[in-house]
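Heads up, the thing below is written out as structure tokens.
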Amino acid sequence: MTDREVVATLAAAGRLLRSAEAVLVDATAHVMDRSDVGVAEKLTTAFGCRSVNELVQRTTRGSKVSASDLIRAARVTRRPVAPSSGEVLPAELPRMRDALGAGAVGVDGVVAVAVALAGCPGGMVGVLAADEELAACSRGEGADAAPPPCADELRQMACVWAMFLDQDGAEPRETRALRKRGITVGPCVDGLHAVRGHVLPEVAVQLRLGFDSVLNPKVEAVPAVGVPVFTTTDVETDEPLPGEADRRTRAQKQHDALAMILAAAARSLPTLGGAAPTLVVSVREEDLASGRGSAHIGGCDEPVSLSVARHVACAGAVQKVVFDAAGRCA
């Protein structure tokens with residue numbers, strides 16, 4: 001196949017995928033209708049599922065996230081029936097529904113528009129105007145006659161519409177963000193701590209800039225205190241083999257970059273007990289000499305490998321403290 005034929009095949013497969021997603025969204029909408037609270041026998045109950053999400057997952061063999069996206073897309077594109085008159089009501093985003101049925105946009109695009117326009121205070125008139133323009137853009141028939149956008153570009157367009165419809169500006173959104181900001185560090189499980197949370201945009205951008213500065217190909221990264229930089233390494237020494245490329249994933253590189261940033265920032269932070277925040281790693285001398293055993297980090301319940309102690313000894317200060325068998329300082 002030529003290059004053009006490969007790209008044409010990719011485009012044709014994308015059209016088929018969007019058409020299949022339209023069928024999935026419509027079927028999900030029927031599942032939602034037949035699993036409503038007012039239905040005598042819920043469809044989810046008949047098939048032994050707790051929720052619509054579970055039924056969609058088990059039927060499509062997809063993930064929870066993909067099922068949630070199908071449900072969100074179905075919620076804004078389905079045409080509900082009025083319980084009193086039986087009249088078929090219009091969808092929340094009728095033009096995006098048409099674009100979805102025509103294969104011009106997929107689930108990602110519908111979800112992007114739905115999330116951006118959710119809760120806009122401009123009223124239904126403004127939302128419907130945004131829906132019409134965004135659907136036209138998805139078909140390549142927008143006011144600027146630009147080619148059809150991808151889902152991320154459609155999300156950006158929808159965000160511009162949301163800002164236009166929100167006359168109060170970003171202040172209410174920032175107030176909500178300030179309430180939801182936070183980071184938690186979970187307990188150590190299988191040698192890893194789960195870090196979860198939400199950060200403000202300026203914090204996220206600053207963190208990305210820090211990653212970019214450390215991961216710049218022109219910068220020769222130095223391992224942070226206590227954190228080895230794992231590439232293709234010698235098993236015994238954890239040192240990169242000569243001539244081998246760095247095989248870390250992007251996420252692993254960002255983890256090591258964050259360790260470097262924290263180690264560098266520790267020297268500028270307020271002191272703890274008269275000294276800068278210091279990573280303390282303890283290990284038995286005979287274990288370090290024999291290469292067998294484990295080390296311990298202050299503040300962590302689980303032991304760590306001896307390589308951590310070696311890297312701390314290389315990058316930090318070493319203070320020898322001897323304890324007897326009873327744990328008393330000798």
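Following the order of the structure tokens, chains are lettered A, B, ..., residues in each are numbered from 1, and ligands are numbered from 1.
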Excluding same-chain residues fewer than 4 positions from region 97-106 of chain A, what lies within 7 Å of it counting only C-alpha atoms, as a list of chain:residue names?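 Skipping anything fewer than 4 positions along the chain leaves A:Arg15, A:Arg18, A:Ser19, A:Glu21, A:Ala22, A:Thr77, A:Leu93, A:Val110, A:Ala135, A:Ser138, A:Arg139.
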The residue from A:Ala151, A:Val160, A:Leu165, A:Val23 with the smallest atom-to-atom distance to Gly119 (chain A), counting only C-alpha atoms, is A:Leu165
Excluding Arg34 (chain A) and its own-chain neighbours fewer than 5 positions away, which residues fall within 9 Å of it when counting only C-alpha atoms? Please give them as a list in words.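 Residues near the query, excluding close chain neighbours: Ala29, Val39, Glu41, Lys42, Leu43 and Thr44 of chain A.
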Dump of all heavy atoms for the selected residues, as a PDB file, in the first residue's frame:
```pdb
ATOM      1  N   ALA A  29     -29.073   4.446  24.895  1.00  0.00           N
ATOM      2  CA  ALA A  29     -30.220   5.285  25.236  1.00  0.00           C
ATOM      3  C   ALA A  29     -31.461   4.436  25.490  1.00  0.00           C
ATOM      4  O   ALA A  29     -32.237   4.712  26.422  1.00  0.00           O
ATOM      5  CB  ALA A  29     -30.480   6.287  24.114  1.00  0.00           C
ATOM      6  N   VAL A  39     -40.152   2.407  35.250  1.00  0.00           N
ATOM      7  CA  VAL A  39     -40.435   1.169  34.515  1.00  0.00           C
ATOM      8  C   VAL A  39     -40.728   0.055  35.511  1.00  0.00           C
ATOM      9  O   VAL A  39     -40.065  -0.086  36.540  1.00  0.00           O
ATOM     10  CB  VAL A  39     -39.234   0.802  33.621  1.00  0.00           C
ATOM     11  CG1 VAL A  39     -39.498  -0.507  32.879  1.00  0.00           C
ATOM     12  CG2 VAL A  39     -38.956   1.925  32.631  1.00  0.00           C
ATOM     13  N   GLU A  41     -40.465  -3.345  35.249  1.00  0.00           N
ATOM     14  CA  GLU A  41     -39.346  -4.273  35.357  1.00  0.00           C
ATOM     15  C   GLU A  41     -38.141  -3.682  34.634  1.00  0.00           C
ATOM     16  O   GLU A  41     -38.139  -3.562  33.409  1.00  0.00           O
ATOM     17  CB  GLU A  41     -39.693  -5.634  34.753  1.00  0.00           C
ATOM     18  CG  GLU A  41     -38.584  -6.671  34.936  1.00  0.00           C
ATOM     19  CD  GLU A  41     -38.950  -8.011  34.352  1.00  0.00           C
ATOM     20  OE1 GLU A  41     -40.070  -8.125  33.806  1.00  0.00           O
ATOM     21  OE2 GLU A  41     -38.128  -8.932  34.428  1.00  0.00           O
ATOM     22  N   LYS A  42     -37.146  -3.291  35.375  1.00  0.00           N
ATOM     23  CA  LYS A  42     -35.990  -2.650  34.780  1.00  0.00           C
ATOM     24  C   LYS A  42     -35.205  -3.639  33.927  1.00  0.00           C
ATOM     25  O   LYS A  42     -35.076  -4.809  34.269  1.00  0.00           O
ATOM     26  CB  LYS A  42     -35.082  -2.082  35.872  1.00  0.00           C
ATOM     27  CG  LYS A  42     -35.719  -0.997  36.719  1.00  0.00           C
ATOM     28  CD  LYS A  42     -34.709  -0.488  37.729  1.00  0.00           C
ATOM     29  CE  LYS A  42     -35.330   0.587  38.623  1.00  0.00           C
ATOM     30  NZ  LYS A  42     -34.365   1.103  39.612  1.00  0.00           N
ATOM     31  N   LEU A  43     -34.671  -3.124  32.835  1.00  0.00           N
ATOM     32  CA  LEU A  43     -33.865  -3.960  31.964  1.00  0.00           C
ATOM     33  C   LEU A  43     -32.593  -4.418  32.679  1.00  0.00           C
ATOM     34  O   LEU A  43     -32.140  -5.553  32.495  1.00  0.00           O
ATOM     35  CB  LEU A  43     -33.512  -3.185  30.692  1.00  0.00           C
ATOM     36  CG  LEU A  43     -32.768  -3.959  29.601  1.00  0.00           C
ATOM     37  CD1 LEU A  43     -33.600  -5.128  29.104  1.00  0.00           C
ATOM     38  CD2 LEU A  43     -32.420  -3.026  28.444  1.00  0.00           C
ATOM     39  N   THR A  44     -32.006  -3.529  33.475  1.00  0.00           N
ATOM     40  CA  THR A  44     -30.794  -3.905  34.206  1.00  0.00           C
ATOM     41  C   THR A  44     -31.074  -5.047  35.178  1.00  0.00           C
ATOM     42  O   THR A  44     -30.276  -5.980  35.310  1.00  0.00           O
ATOM     43  CB  THR A  44     -30.248  -2.692  34.968  1.00  0.00           C
ATOM     44  OG1 THR A  44     -31.306  -2.108  35.759  1.00  0.00           O
ATOM     45  CG2 THR A  44     -29.721  -1.640  34.017  1.00  0.00           C
TER      46      THR A  44
END
```
Identify, on the basis of only C-alpha atoms, every residue whose closest approach to Glu92 (chain A) does not exceed 9 Å; exclude the query and any residue fewer than 4 positions from it along the same chain; express the result as a list in words.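 Here the qualifying residues turn out to be Arg75, Val76, Thr77, Arg78, Arg79, Arg97, Met124, Val127 and Leu128 of chain A.
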Close residues, region 48-54 of chain A itself excluded, 12 Å, only C-alpha atoms, min 2 positions apart in chain, as a PyMOL selection string: chain A and resi 27-37+41-46+56-72+74-75
For a quick check of understanding, using only C-alpha atoms, which of A:Met1, A:Leu178, A:Val81, A:Ala289 has the smallest distance to Val199 (chain A)? A:Leu178
Of the candidates A:Val88, A:Met163, A:Ala145, A:Ala177, which shows the shortest atom-to-atom distance to Ala116 (chain A), using only C-alpha atoms?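 Counting only C-alpha atoms, the residue closest to Ala116 (chain A) is A:Met163.
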Name the residues of region 5-195 of chain A that come out as alpha helix (DSSP H) in a backbone DSSP run; write them as a VMD selection string. chain A and resid 5 to 34 43 to 46 52 to 60 64 to 77 94 to 101 107 to 117 123 to 138 151 to 165 171 to 180
Distance of CA of Lys180 (chain A) from CA of His198 (chain A), expressed in Å to one decimal place: 7.0 Å
Based on the backbone DSSP call, show me all residues of region 17-185 of chain A assigned strand (DSSP E or B), as a VMD selection string. chain A and resid 81 88 182 to 185
